[in-house]
Each structure stands twice: as structure tokens, then as C-alpha cells.
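Below: the structure, in C-alpha cells.
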Amino acid sequence: MGEDQSRMPDRGKPPGTPESTRRRLLTGLAASPILFAISSPAVLGSQICSPSGFMSGTVTSTDTITTCGGRHPDYWRTKQDEWPHPYKATGSEKSRFGDCFPNCDYDKKSLMQILNDYPGTLAWHSVAALLNAAAGAPEYLLDTSEVTQIYTQWYNLGYYEVNTGQYMYEFELITFFESTYG
């Protein structure tokens with residue numbers, strides 16, 4: 001033997017002794033970060049739905065991305081009959097990209113042409129974000145004016161400035177919009 005008795009487990013100690021109580025307390029405390037990590041993504045998930053929350057980097061798990069309630073551009077491309085008012089795939093005032101995103105590229109193209117002909121571009125994602133905002137999913141934190149502002153500011157300046165002072169460039173904006181699709 002010769003082992004230090006203070007480092008040996010408290011096997012055989014009756015419940016309620018200081019050693020067994022301390023061990024249960026330490027075991028419980030050791031598990032609490034795990035429980036927090038399991039429960040916190042649901043709380044933090046909504047933060048990724050806004051540009052400032054996305055840029056803060058507080059969410060590390062992609063499992064929380066599906067909480068924003070947005071639809072993918074391909075959904076809107078194939079579900080034209082579900083487009084929210086006042087937007088139309090073709091033939092109305094709010095059917096042209098330039099009507100929704102003034103003084104930007106593609107001004108004469110229809111929203112549907114953007115969805116069909118420019119997959120993966122920021123314009124493509126912005127059309128989906130605009131329709132998502134107009135559809136009014138409760139988890140979708142952007143409104144149509146914010147989507148317009150994001151794309152227009154990026155088009156004119158080459159970046160979108162988040163209210164925290166951080167800049168989002170094209171890649172970050174595309175990644176952000178992708179993260180809002182549920």
C-alpha cells in the first residue's frame with residue numbers, strides 16, 4: 001500500500017459524510033457546463049438571425065442555424081404562388097429587382113430572373129431574404145427595408161456595416177443569408 005488515503009475514492013463511506021457529499025457536489029458542478037452547452041444553442045440560435053448576432057460569433061454550432069425561419073431561394077423559385085404580397089414573380093410593380101433594390105445592378109431583371117439565372121450570388125440570396133422578410137415568419141428578424149438596405153449598401157460601398165461597426169463583405173453576407181434558411 002503506501003497510497004495516500006486522501007486521494008482514494010470514498011468507497012464504503014456512508015452517504016451524508018462530508019467526503020461523499022463533496023464528491024456528489026463536485027460531480028454535479030462538473031456536469032453543469034455540459035448542461036449549459038446543451039441548452040444554450042436554442043437561446044443563442046435566434047442571435048444568428050440578425051447581422052450583428054451573426055458577426056458576434058456567439059453561436060458555434062451549425063445545429064442552431066435552422067431557427068431563423070427563412071426559405072431557400074430554390075423554394076421561392078419553385079413556389080411562385082406562395083410569394084407574399086406585394087411581390088410577384090413577374091408582371092407587377094414589385095416584380096423587378098430594381099423596384100425592390102433601387103439604384104443597383106439587375107434593375108430591369110425580374111425577381112424570378114434573378115432566382116433562375118444568378119444562383120449563389122448575393123442578389124439571388126437577397127431576393128430570398130426579401131421574400132422571407134415579407135412572409136413574416138416570427139423567427140425571421142429582418143424586415144424588407146433591412147434586406148433592401150443590406151444589399152444596397154453592399155452594392156454602393158462594397159460592404160454592409162453592421163450596427164456594431166463591423167463590416168460584412170459579400171462572402172459574409174451570403175453566409176449570413178444562408179444561415180437564415182430553415
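Starting from 1 in every chain, residues are counted up; chains themselves are A, B, ... following the order of the C-alpha cells, and ligands are numbered from 1 as listed.
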
What's around Thr144 (chain A) at 9 Å? Count only C-alpha atoms, leave out sequence neighbours fewer than 3 positions away in its own chain, and write the answer as a PyMOL selection string. chain A and resi 100+129-134+147-149

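Across the structure, CA of Pro138 (chain A) and CA of Tyr181 (chain A) are spaced 13.3 Å apart.
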
Leaving out region 70-79 of chain A and any residue of its chain fewer than 2 positions from it, which residues lie within 9 Å of it when counting only C-alpha atoms, given as a ChimeraX atom specification? /A:66-68,81-83,89,112,115-116,119,124-129,131-133,135,137,139-140,177-182

Please write the residues from the selection above to a file, keeping N, CA and C atoms, as a compact mmCIF listing (two decimals), in the first residue's frame.
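Listing of again_38.txt after writing:
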```txt
# COMPACT_ATOMS: atom_id res chain seq x y z
N THR A 66 -31.04 26.54 -38.06
CA THR A 66 -32.36 26.33 -38.61
C THR A 66 -33.47 27.07 -37.87
N THR A 67 -33.15 27.93 -36.94
CA THR A 67 -34.18 28.58 -36.14
C THR A 67 -34.68 29.90 -36.71
N CYS A 68 -34.15 30.36 -37.83
CA CYS A 68 -34.50 31.69 -38.32
C CYS A 68 -35.77 31.72 -39.17
N ASP A 81 -46.52 30.78 -56.44
CA ASP A 81 -47.87 31.06 -55.96
C ASP A 81 -47.89 31.37 -54.46
N GLU A 82 -46.77 31.14 -53.75
CA GLU A 82 -46.70 31.42 -52.32
C GLU A 82 -45.95 32.71 -52.00
N TRP A 83 -45.58 33.46 -53.02
CA TRP A 83 -44.86 34.70 -52.77
C TRP A 83 -45.75 35.66 -51.98
N ALA A 89 -43.64 37.10 -59.05
CA ALA A 89 -42.54 36.57 -59.84
C ALA A 89 -42.35 37.37 -61.13
N MET A 112 -37.82 36.87 -60.51
CA MET A 112 -37.77 35.48 -60.96
C MET A 112 -36.52 35.22 -61.82
N LEU A 115 -33.65 34.68 -59.53
CA LEU A 115 -33.68 33.35 -58.93
C LEU A 115 -33.31 32.26 -59.93
N ASN A 116 -33.67 32.44 -61.20
CA ASN A 116 -33.37 31.44 -62.22
C ASN A 116 -31.95 31.53 -62.77
N PRO A 119 -27.88 31.97 -59.64
CA PRO A 119 -27.78 31.20 -58.38
C PRO A 119 -26.46 31.43 -57.65
N TRP A 124 -29.24 36.83 -55.64
CA TRP A 124 -30.08 35.64 -55.50
C TRP A 124 -30.52 35.45 -54.05
N HIS A 125 -29.55 35.53 -53.13
CA HIS A 125 -29.86 35.39 -51.71
C HIS A 125 -30.70 36.57 -51.20
N SER A 126 -30.46 37.75 -51.74
CA SER A 126 -31.21 38.93 -51.30
C SER A 126 -32.68 38.85 -51.71
N VAL A 127 -32.96 38.30 -52.87
CA VAL A 127 -34.35 38.09 -53.28
C VAL A 127 -35.04 37.15 -52.30
N ALA A 128 -34.38 36.05 -51.95
CA ALA A 128 -34.97 35.13 -50.98
C ALA A 128 -35.16 35.81 -49.63
N ALA A 129 -34.18 36.59 -49.20
CA ALA A 129 -34.29 37.29 -47.92
C ALA A 129 -35.45 38.30 -47.94
N LEU A 131 -38.21 38.07 -49.76
CA LEU A 131 -39.45 37.30 -49.69
C LEU A 131 -39.65 36.69 -48.30
N ASN A 132 -38.57 36.25 -47.67
CA ASN A 132 -38.66 35.72 -46.31
C ASN A 132 -39.13 36.80 -45.35
N ALA A 133 -38.58 37.99 -45.49
CA ALA A 133 -38.98 39.10 -44.61
C ALA A 133 -40.44 39.46 -44.82
N ALA A 135 -42.76 37.49 -45.91
CA ALA A 135 -43.61 36.37 -45.49
C ALA A 135 -43.92 36.42 -44.00
N ALA A 137 -42.30 35.24 -41.12
CA ALA A 137 -42.06 34.17 -40.15
C ALA A 137 -41.62 34.81 -38.84
N GLU A 139 -39.69 33.99 -36.48
CA GLU A 139 -38.27 33.87 -36.15
C GLU A 139 -37.38 34.69 -37.06
N TYR A 140 -37.92 35.16 -38.19
CA TYR A 140 -37.12 35.89 -39.16
C TYR A 140 -37.05 37.35 -38.72
N PHE A 177 -27.04 35.12 -45.03
CA PHE A 177 -28.36 34.79 -45.60
C PHE A 177 -28.57 33.27 -45.61
N GLU A 178 -27.53 32.52 -45.98
CA GLU A 178 -27.65 31.05 -45.97
C GLU A 178 -27.98 30.53 -44.58
N SER A 179 -27.45 31.18 -43.57
CA SER A 179 -27.68 30.71 -42.20
C SER A 179 -29.12 30.97 -41.73
N THR A 180 -29.85 31.78 -42.45
CA THR A 180 -31.24 32.08 -42.04
C THR A 180 -32.25 31.12 -42.65
N TYR A 181 -31.80 30.25 -43.53
CA TYR A 181 -32.73 29.31 -44.16
C TYR A 181 -33.00 28.17 -43.20
N GLY A 182 -34.29 27.86 -43.02
CA GLY A 182 -34.66 26.79 -42.10
C GLY A 182 -35.15 25.64 -42.85
```

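Interatomic distance, CA of Tyr160 (chain A) against CA of Cys104 (chain A): 14.3 Å.
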
In Å, how far is it from CA of Pro84 (chain A) to CA of Phe97 (chain A)? 15.3 Å

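Remark: for Glu146 (chain A), the closest of the candidate residues A:Ser92, A:Asn163, A:Ser110, A:Gln80 is A:Asn163 (distances computed over only C-alpha atoms).
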